[in-house]
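Asker: Sharing query-v2.csv (CSV, C-alpha atoms (C1' of nucleotides)) below.
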```csv
chain,number,residue,atom,x,y,z
I,244,MET,CA,1.3,-12.3,3.6
I,245,TYR,CA,1.6,-11.7,-0.2
I,246,ASP,CA,3.4,-14.9,-0.9
I,247,ARG,CA,1.0,-16.9,1.2
I,248,LEU,CA,-2.1,-15.5,-0.4
I,249,VAL,CA,-0.7,-15.8,-4.0
I,250,ALA,CA,0.0,-19.5,-3.2
I,251,LEU,CA,-3.4,-19.9,-1.8
I,252,TRP,CA,-5.6,-18.0,-4.3
I,253,GLY,CA,-3.4,-17.2,-7.3
I,254,PRO,CA,-3.9,-14.2,-9.6
I,255,GLN,CA,-7.0,-12.1,-8.9
I,256,GLN,CA,-7.3,-10.6,-12.4
I,257,TRP,CA,-8.0,-7.1,-11.2
I,258,TRP,CA,-9.3,-4.4,-11.8
I,259,PRO,CA,-12.7,-5.7,-13.1
I,260,ALA,CA,-13.1,-3.4,-16.0
I,261,GLN,CA,-12.8,-3.3,-19.8
I,262,SER,CA,-11.0,-0.1,-20.2
I,263,ALA,CA,-8.9,2.4,-18.3
I,264,PHE,CA,-11.8,4.9,-18.3
I,265,GLU,CA,-14.1,2.3,-16.8
I,266,VAL,CA,-11.5,1.8,-14.0
I,267,VAL,CA,-11.9,5.4,-13.1
I,268,ILE,CA,-15.7,5.3,-13.1
I,269,GLY,CA,-15.5,2.2,-10.8
I,270,ALA,CA,-12.9,3.8,-8.5
I,271,TYR,CA,-15.3,6.7,-7.9
I,272,LEU,CA,-18.4,4.6,-7.6
I,273,THR,CA,-17.0,2.1,-5.1
I,274,GLN,CA,-16.2,4.7,-2.5
I,275,ASN,CA,-17.7,3.2,0.7
I,276,THR,CA,-20.0,1.1,-1.4
I,277,ALA,CA,-20.3,-2.6,-2.1
I,278,TRP,CA,-18.9,-3.7,-5.5
I,279,THR,CA,-22.1,-5.6,-6.3
I,280,SER,CA,-23.9,-2.2,-6.1
I,281,VAL,CA,-21.3,-0.6,-8.4
I,282,GLU,CA,-21.8,-3.4,-10.9
I,283,ARG,CA,-25.5,-2.3,-11.3
I,284,SER,CA,-24.4,1.3,-11.9
I,285,ILE,CA,-21.8,0.2,-14.4
I,286,ALA,CA,-24.4,-1.9,-16.2
I,287,ASN,CA,-26.7,1.1,-16.4
I,288,LEU,CA,-23.9,3.2,-17.8
I,289,ARG,CA,-22.9,0.5,-20.3
I,290,ALA,CA,-26.5,0.2,-21.5
I,291,GLY,CA,-26.6,4.0,-22.0
I,292,GLY,CA,-23.2,4.1,-23.8
I,293,ILE,CA,-21.8,6.2,-20.9
I,294,LEU,CA,-18.7,4.2,-20.2
I,295,SER,CA,-16.5,6.4,-22.3
I,296,PHE,CA,-15.2,10.0,-22.2
I,297,GLU,CA,-17.6,11.1,-24.9
I,298,GLY,CA,-20.6,9.4,-23.3
I,299,LEU,CA,-19.9,10.8,-19.9
I,300,CYS,CA,-19.4,14.3,-21.3
I,301,ALA,CA,-22.7,14.2,-23.2
I,302,ILE,CA,-25.0,13.0,-20.5
I,303,PRO,CA,-26.6,15.7,-18.3
I,304,GLU,CA,-25.7,15.5,-14.7
I,305,ASP,CA,-29.2,14.9,-13.5
I,306,GLU,CA,-29.5,11.9,-15.8
I,307,LEU,CA,-26.1,10.6,-14.7
I,308,ARG,CA,-27.4,10.6,-11.1
I,309,GLN,CA,-30.2,8.2,-11.9
I,310,LEU,CA,-27.9,5.8,-13.7
I,311,ILE,CA,-25.4,5.6,-10.8
I,312,ARG,CA,-28.2,5.6,-8.1
I,313,PRO,CA,-27.6,1.9,-7.1
I,314,SER,CA,-24.1,2.7,-5.8
I,315,GLY,CA,-25.2,5.5,-3.5
I,316,PHE,CA,-24.0,9.1,-2.9
I,317,MET,CA,-25.4,10.0,-6.3
I,318,LEU,CA,-25.2,13.8,-5.9
I,319,ARG,CA,-21.6,13.8,-5.0
I,320,LYS,CA,-20.5,11.1,-7.3
I,321,ALA,CA,-22.2,12.5,-10.4
I,322,HIS,CA,-20.7,15.8,-9.7
I,323,ALA,CA,-17.3,14.3,-9.1
I,324,LEU,CA,-17.4,12.2,-12.4
I,325,LYS,CA,-18.3,15.3,-14.3
I,326,ALA,CA,-15.4,17.1,-12.8
I,327,PHE,CA,-13.1,14.3,-13.8
I,328,VAL,CA,-14.1,14.4,-17.5
I,329,ALA,CA,-13.7,18.2,-17.5
I,330,PHE,CA,-10.2,17.7,-16.1
I,331,LEU,CA,-9.4,15.0,-18.7
I,332,ASP,CA,-10.7,17.2,-21.5
I,333,ALA,CA,-8.8,20.3,-20.4
I,334,GLN,CA,-5.5,18.7,-19.6
I,335,HIS,CA,-5.4,15.7,-22.0
I,336,GLY,CA,-7.8,16.2,-24.8
I,337,GLY,CA,-10.1,13.6,-23.2
I,338,ARG,CA,-7.5,10.8,-23.7
I,339,MET,CA,-6.6,8.4,-20.9
I,340,GLU,CA,-3.4,7.5,-22.9
I,341,SER,CA,-2.3,11.1,-22.5
I,342,LEU,CA,-3.0,11.0,-18.7
I,343,ALA,CA,-1.1,7.7,-18.5
I,344,ARG,CA,2.0,9.3,-20.2
I,345,ALA,CA,1.9,12.2,-17.8
I,346,ALA,CA,1.7,9.8,-14.8
I,347,SER,CA,4.5,7.7,-16.2
I,348,ALA,CA,6.7,10.8,-16.4
I,349,ASP,CA,5.7,12.3,-13.0
I,350,ALA,CA,3.5,10.2,-10.9
I,351,LEU,CA,3.5,12.5,-7.9
I,352,ALA,CA,2.4,15.5,-10.0
I,353,VAL,CA,-0.5,13.6,-11.5
I,354,ARG,CA,-1.4,12.3,-8.0
I,355,ALA,CA,-1.6,15.9,-6.8
I,356,GLN,CA,-3.8,16.9,-9.7
I,357,LEU,CA,-6.2,14.0,-9.0
I,358,LEU,CA,-6.3,14.9,-5.3
I,359,ALA,CA,-7.3,18.4,-6.2
I,360,LEU,CA,-10.4,17.1,-7.9
I,361,PRO,CA,-13.7,16.9,-5.9
I,362,GLY,CA,-14.5,13.5,-4.6
I,363,VAL,CA,-10.9,12.2,-5.0
I,364,GLY,CA,-9.0,11.3,-1.9
I,365,PRO,CA,-5.8,9.3,-1.5
I,366,GLU,CA,-7.3,5.9,-2.1
I,367,THR,CA,-9.2,6.9,-5.3
I,368,ALA,CA,-6.1,8.7,-6.6
I,369,ASP,CA,-3.9,5.7,-6.1
I,370,ALA,CA,-6.5,3.3,-7.5
I,371,ILE,CA,-6.5,5.4,-10.6
I,372,LEU,CA,-2.8,5.6,-10.8
I,373,LEU,CA,-2.3,1.9,-10.3
I,374,TYR,CA,-5.2,0.3,-12.1
I,375,ALA,CA,-6.0,2.7,-14.8
I,376,LEU,CA,-2.5,4.2,-15.4
I,377,HIS,CA,-0.3,1.3,-14.4
I,378,VAL,CA,1.9,3.3,-12.1
I,379,PRO,CA,3.2,1.6,-9.0
I,380,ALA,CA,1.1,3.4,-6.4
I,381,MET,CA,0.0,1.2,-3.5
I,382,VAL,CA,-3.7,1.4,-2.8
I,383,VAL,CA,-4.5,1.6,0.9
I,384,ASP,CA,-8.1,0.7,1.7
I,385,GLU,CA,-10.0,0.1,4.9
I,386,TYR,CA,-9.3,-3.6,4.7
I,387,LEU,CA,-5.5,-3.2,4.5
I,388,ARG,CA,-5.7,-0.7,7.4
I,389,ARG,CA,-7.5,-3.3,9.5
I,390,ILE,CA,-5.1,-6.1,8.6
I,391,VAL,CA,-2.0,-4.0,9.3
I,392,THR,CA,-3.2,-2.6,12.6
I,393,ARG,CA,-4.7,-5.9,13.9
I,394,HIS,CA,-1.5,-7.7,13.2
I,395,GLY,CA,0.3,-5.1,15.4
I,396,LEU,CA,2.4,-3.9,12.4
I,397,LEU,CA,1.4,-0.3,13.0
I,398,GLN,CA,-0.6,1.5,15.7
I,399,GLU,CA,-4.3,1.9,15.4
I,400,LYS,CA,-3.8,5.7,14.8
I,401,ALA,CA,-1.7,5.0,11.6
I,402,ARG,CA,-2.8,7.1,8.7
I,403,TYR,CA,-2.8,6.6,4.9
I,404,LEU,CA,0.7,7.5,4.0
I,405,GLU,CA,2.2,5.5,6.8
I,406,ILE,CA,0.4,2.4,5.9
I,407,GLN,CA,1.2,2.9,2.2
I,408,ALA,CA,4.9,3.3,3.0
I,409,LEU,CA,4.9,0.1,5.0
I,410,ALA,CA,3.2,-1.9,2.2
I,411,GLU,CA,5.4,-0.5,-0.5
I,412,LYS,CA,8.5,-1.2,1.6
I,413,ALA,CA,7.6,-4.9,1.6
I,414,PHE,CA,8.2,-5.0,-2.1
I,415,LEU,CA,11.4,-3.0,-2.1
I,416,PRO,CA,14.2,-5.7,-1.5
I,417,ASP,CA,14.1,-6.9,-5.1
I,418,ALA,CA,13.0,-3.6,-6.6
I,419,SER,CA,16.3,-3.2,-8.5
I,420,SER,CA,15.5,-6.4,-10.5
I,421,GLN,CA,12.0,-5.3,-11.3
I,422,SER,CA,10.7,-3.0,-14.0
I,423,THR,CA,8.3,-0.3,-12.9
I,424,ARG,CA,5.6,-2.2,-14.7
I,425,GLU,CA,6.4,-5.4,-12.8
I,426,LEU,CA,6.3,-3.6,-9.5
I,427,ALA,CA,2.9,-2.2,-10.4
I,428,ARG,CA,1.7,-5.7,-11.2
I,429,HIS,CA,2.7,-6.8,-7.7
I,430,TYR,CA,1.0,-3.8,-6.1
I,431,ASN,CA,-2.1,-4.6,-8.1
I,432,GLU,CA,-2.1,-8.3,-7.1
I,433,PHE,CA,-1.4,-7.5,-3.4
I,434,HIS,CA,-4.2,-5.0,-3.1
I,435,ALA,CA,-6.6,-7.3,-4.8
I,436,LEU,CA,-5.7,-10.1,-2.4
I,437,MET,CA,-6.1,-7.7,0.6
I,438,VAL,CA,-9.6,-6.8,-0.5
I,439,GLN,CA,-10.5,-10.5,-1.1
I,440,ILE,CA,-9.3,-11.6,2.3
I,441,GLY,CA,-10.9,-8.4,3.8
I,442,LYS,CA,-14.3,-9.2,2.5
I,443,LEU,CA,-14.1,-12.7,3.9
I,444,HIS,CA,-12.4,-12.1,7.3
I,445,CYS,CA,-12.1,-8.4,8.3
I,446,GLY,CA,-15.4,-7.0,9.6
I,447,ARG,CA,-15.6,-3.5,11.1
I,448,VAL,CA,-15.4,-5.0,14.6
I,449,ALA,CA,-13.8,-8.4,14.3
I,450,ARG,CA,-14.7,-11.6,12.3
I,451,CYS,CA,-11.1,-12.8,11.9
I,452,GLU,CA,-11.6,-16.4,13.0
I,453,ARG,CA,-10.5,-18.5,10.1
I,454,CYS,CA,-8.4,-15.9,8.3
I,455,PRO,CA,-5.3,-17.7,6.8
I,456,LEU,CA,-3.2,-14.7,7.9
I,457,THR,CA,-4.0,-15.2,11.6
I,458,PHE,CA,-2.0,-18.4,11.3
I,459,ASP,CA,1.1,-16.3,10.8
I,460,LEU,CA,0.3,-14.3,14.0
I,461,GLN,CA,0.5,-17.5,16.1
I,462,ARG,CA,3.6,-18.7,14.4
I,463,HIS,CA,5.5,-15.5,14.8
I,464,GLY,CA,4.1,-14.5,18.1
I,465,LEU,CA,2.7,-11.1,17.0
I,466,PRO,CA,-0.2,-9.6,18.9
I,467,GLN,CA,-3.5,-11.3,18.5
I,468,ASN,CA,-6.5,-9.4,17.2
I,469,PRO,CA,-7.2,-6.8,19.9
I,470,LYS,CA,-11.0,-7.0,19.6
Z,289,DC,C1',-34.6,-4.0,11.7
Z,290,DG,C1',-29.5,-3.0,12.1
Z,291,DC,C1',-25.1,-3.3,10.3
Z,292,DC,C1',-22.0,-3.0,6.6
Z,293,DA,C1',-19.9,-1.5,2.1
Z,294,DG,C1',-12.9,-1.5,-2.1
Z,295,DG,C1',-14.2,7.1,1.0
Z,296,DC,C1',-14.4,11.9,1.0
Z,297,DC,C1',-15.6,16.4,2.7
Z,298,DG,C1',-17.1,20.2,5.7
Z,299,DT,C1',-17.3,21.6,10.3
Z,300,DG,C1',-16.0,22.0,15.0
Z,301,DT,C1',-12.5,21.7,18.6
L,223,DA,C1',-3.9,18.6,13.3
L,224,DC,C1',-7.6,15.6,14.5
L,225,DA,C1',-12.4,13.7,15.6
L,226,DC,C1',-17.0,13.4,13.9
L,227,DG,C1',-21.1,13.3,11.2
L,228,DG,C1',-23.3,13.4,6.7
L,229,DC,C1',-23.6,11.6,2.3
L,230,DA,C1',-27.6,7.4,-0.6
L,231,DT,C1',-28.4,3.0,-1.7
L,232,DG,C1',-28.8,-2.1,-1.4
L,233,DG,C1',-27.4,-6.8,0.5
L,234,DC,C1',-27.7,-9.8,4.1
```
Give the structure from this file in C-alpha cells form.
Answerer:
Amino acid sequence: MYDRLVALWGPQQWWPAQSAFEVVIGAYLTQNTAWTSVERSIANLRAGGILSFEGLCAIPEDELRQLIRPSGFMLRKAHALKAFVAFLDAQHGGRMESLARAASADALAVRAQLLALPGVGPETADAILLYALHVPAMVVDEYLRRIVTRHGLLQEKARYLEIQALAEKAFLPDASSQSTRELARHYNEFHALMVQIGKLHCGRVARCERCPLTFDLQRHGLPQNPK
DNA sequence: CGCCAGGCCGTGT
DNA sequence: ACACGGCATGGC
C-alpha cells in the first residue's frame, strides 16, 4: 500500500506546521476535528502570538478557549494545552529541543509521560513523538483502522497497539539498513498518505468505491469491504 | 437538517 | 476489560 501510494501521490510534506511546538498544538486541536477547522484556530493563535511556549504560557485559559473555538471541544482542549506547557516548563525548561532529546534517548518513557497528561491518548502521543520529536512512532488514526480492518488484515475488534504493531512490522524488513531518522520519515509519509486516502475514500460507513487500494483487494483475493 | 471530522475520558456493566 | 455517550464547532 505504501509503495503504491508513494508512486501515486508522492511526498505529502507533513506535518503542516512551522515548528515542533506548533505540531503539538495541532495534534491536540485536530482530535475528532476537521483540519480546516484547526487551521482557523491556528490562525487565531498566530495572530495573537500564541504559537510558542511563552505565548501559550502567558495567555489566560479563558482567552485561549475563544481562540481555539473553531476546532471544538474548547474547554477540554484549552485545559489540555495549558497542562502541556506546564509539563514542558517543569520537565524541560519550556524547550521542545530538550523534550526531543529525552524522546530520542527513551521514546517509551516519554510516551508514557505524554499519555499521563490530560487530553493525550495514544494517537496524540504518537503524533507528537513522530511529527514534533522525529521518533519512529507509528500513528494509528481512525482512517488507518478502517483501512486495515476493511482489507481483512485485522479483525474489526483490533485495538490501537495491535494495529500499530502491524503497520510498524511492514517497515521492518529493511530496518537494519535504515537510520532511526529514515524510519521516522517513512512512518511520517505512510501516515500522511493514509489520512489523505482516508479523507477521499474511507467514510464512517463505506465510500470505498474508487479507492486505489481496493484494486489490490481484487488482485490478491482479500475480503471485500464488508459494508 | 443530518452526518462527519487526523480522539479522549468518565461512567456503567 | 469493554461498550457507550458526551464533549463543541463548522463544512458539506
Asker: Would you pick out the contacts of Gly441 of chain I at 8 Å or less, using all atoms listed in the file, so that residues sharing its chain but fewer than 4 positions from it are not included, and give the list as a short mmCIF file (atom, residue, chain, number, x, y, z; two decimals) with C-alpha atoms, keeping the file's coordinate frame?
Answerer:
```cif
data_model
loop_
_atom_site.label_atom_id
_atom_site.label_comp_id
_atom_site.auth_asym_id
_atom_site.auth_seq_id
_atom_site.Cartn_x
_atom_site.Cartn_y
_atom_site.Cartn_z
CA TYR I 386 -9.30 -3.60 4.70
CA LEU I 387 -5.50 -3.20 4.50
CA ILE I 390 -5.10 -6.10 8.60
CA MET I 437 -6.10 -7.70 0.60
CA CYS I 445 -12.10 -8.40 8.30
CA GLY I 446 -15.40 -7.00 9.60
#
```
Asker: Residues of chain I within 7 Å of chain L, counting all atoms listed in the file, what are they? List them as a list in words.
Answerer: Ser280, Arg312, Pro313, Ser314, Gly315, Phe316 and Met317 of chain I
Asker: Dump as a PDB file with C-alpha atoms (C1' of nucleotides), in the coordinates of the input the residues of chain Z that approach chain I to within 10 Å, counting all atoms listed in the file.
Answerer:
```pdb
ATOM      1  C1'  DC Z 291     -25.100  -3.300  10.300  1.00  0.00           C
ATOM      2  C1'  DC Z 292     -22.000  -3.000   6.600  1.00  0.00           C
ATOM      3  C1'  DA Z 293     -19.900  -1.500   2.100  1.00  0.00           C
ATOM      4  C1'  DG Z 294     -12.900  -1.500  -2.100  1.00  0.00           C
ATOM      5  C1'  DG Z 295     -14.200   7.100   1.000  1.00  0.00           C
ATOM      6  C1'  DC Z 296     -14.400  11.900   1.000  1.00  0.00           C
ATOM      7  C1'  DC Z 297     -15.600  16.400   2.700  1.00  0.00           C
TER       8       DC Z 297
END
```
Asker: Contacts of Thr392 of chain I at 9 Å or less, counting all atoms listed in the file, minus same-chain residues fewer than 6 places along, as a list in words?
Answerer: Gln398, Glu399, Lys400, Ala401 and Asn468 of chain I
Asker: Could you work out how far atom CA of Met381 of chain I lies from atom CA of Arg402 of chain I, giving the answer in Å with one decimal?
Answerer: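 Straight-line distance from atom CA of Arg402 of chain I to atom CA of Met381 of chain I works out to 13.8 Å.
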Asker: Separation of atom CA of Leu404 of chain I and atom CA of Cys451 of chain I, in Å?
Answerer: 24.8 Å
Asker: Write out as a tab-separated table (two decimals) with C-alpha atoms, keeping the file's coordinate frame the residues lying within 12 Å of Met244 of chain I, counting all atoms listed in the file and excluding same-chain residues fewer than 3 positions away.
Answerer:
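Wrote it out as result19.tsv, contents follow:
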```
chain	number	residue	atom	x	y	z
I	247	ARG	CA	1.00	-16.90	1.20
I	248	LEU	CA	-2.10	-15.50	-0.40
I	249	VAL	CA	-0.70	-15.80	-4.00
I	250	ALA	CA	0.00	-19.50	-3.20
I	251	LEU	CA	-3.40	-19.90	-1.80
I	252	TRP	CA	-5.60	-18.00	-4.30
I	387	LEU	CA	-5.50	-3.20	4.50
I	390	ILE	CA	-5.10	-6.10	8.60
I	391	VAL	CA	-2.00	-4.00	9.30
I	394	HIS	CA	-1.50	-7.70	13.20
I	410	ALA	CA	3.20	-1.90	2.20
I	413	ALA	CA	7.60	-4.90	1.60
I	414	PHE	CA	8.20	-5.00	-2.10
I	432	GLU	CA	-2.10	-8.30	-7.10
I	433	PHE	CA	-1.40	-7.50	-3.40
I	434	HIS	CA	-4.20	-5.00	-3.10
I	436	LEU	CA	-5.70	-10.10	-2.40
I	437	MET	CA	-6.10	-7.70	0.60
I	440	ILE	CA	-9.30	-11.60	2.30
I	454	CYS	CA	-8.40	-15.90	8.30
I	455	PRO	CA	-5.30	-17.70	6.80
I	456	LEU	CA	-3.20	-14.70	7.90
I	457	THR	CA	-4.00	-15.20	11.60
I	458	PHE	CA	-2.00	-18.40	11.30
I	459	ASP	CA	1.10	-16.30	10.80
I	460	LEU	CA	0.30	-14.30	14.00
```
Asker: Could you check how far atom CA of Leu357 of chain I sits from atom CA of Glu306 of chain I, in Å to one decimal?
Answerer: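 For atom CA of Leu357 of chain I relative to atom CA of Glu306 of chain I, the distance reads 24.4 Å.
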Asker: Set the distance at 10 Å and use all atoms listed in the file: which residues neighbour Leu426 of chain I once local chain neighbours fewer than 3 positions away are removed? I'd like the list as JSON, numbers by chain.
Answerer: {"I": [377, 378, 379, 380, 381, 411, 414, 415, 417, 418, 420, 421, 422, 423, 429, 430, 431, 432]}
Asker: I want to know what sits within 12 Å of Ala343 of chain I, based on only C-alpha atoms (C1' of nucleotides), with residues of the same chain fewer than 5 positions away left out; could you give that as a PDB file with C-alpha atoms, keeping the file's coordinate frame?
Answerer:
```pdb
ATOM      1  CA  ALA I 263      -8.900   2.400 -18.300  1.00  0.00           C
ATOM      2  CA  PHE I 264     -11.800   4.900 -18.300  1.00  0.00           C
ATOM      3  CA  LEU I 331      -9.400  15.000 -18.700  1.00  0.00           C
ATOM      4  CA  GLN I 334      -5.500  18.700 -19.600  1.00  0.00           C
ATOM      5  CA  HIS I 335      -5.400  15.700 -22.000  1.00  0.00           C
ATOM      6  CA  GLY I 337     -10.100  13.600 -23.200  1.00  0.00           C
ATOM      7  CA  ARG I 338      -7.500  10.800 -23.700  1.00  0.00           C
ATOM      8  CA  ALA I 348       6.700  10.800 -16.400  1.00  0.00           C
ATOM      9  CA  ASP I 349       5.700  12.300 -13.000  1.00  0.00           C
ATOM     10  CA  ALA I 350       3.500  10.200 -10.900  1.00  0.00           C
ATOM     11  CA  VAL I 353      -0.500  13.600 -11.500  1.00  0.00           C
ATOM     12  CA  ARG I 354      -1.400  12.300  -8.000  1.00  0.00           C
ATOM     13  CA  ILE I 371      -6.500   5.400 -10.600  1.00  0.00           C
ATOM     14  CA  LEU I 372      -2.800   5.600 -10.800  1.00  0.00           C
ATOM     15  CA  LEU I 373      -2.300   1.900 -10.300  1.00  0.00           C
ATOM     16  CA  TYR I 374      -5.200   0.300 -12.100  1.00  0.00           C
ATOM     17  CA  ALA I 375      -6.000   2.700 -14.800  1.00  0.00           C
ATOM     18  CA  LEU I 376      -2.500   4.200 -15.400  1.00  0.00           C
ATOM     19  CA  HIS I 377      -0.300   1.300 -14.400  1.00  0.00           C
ATOM     20  CA  VAL I 378       1.900   3.300 -12.100  1.00  0.00           C
TER      21      VAL I 378
END
```
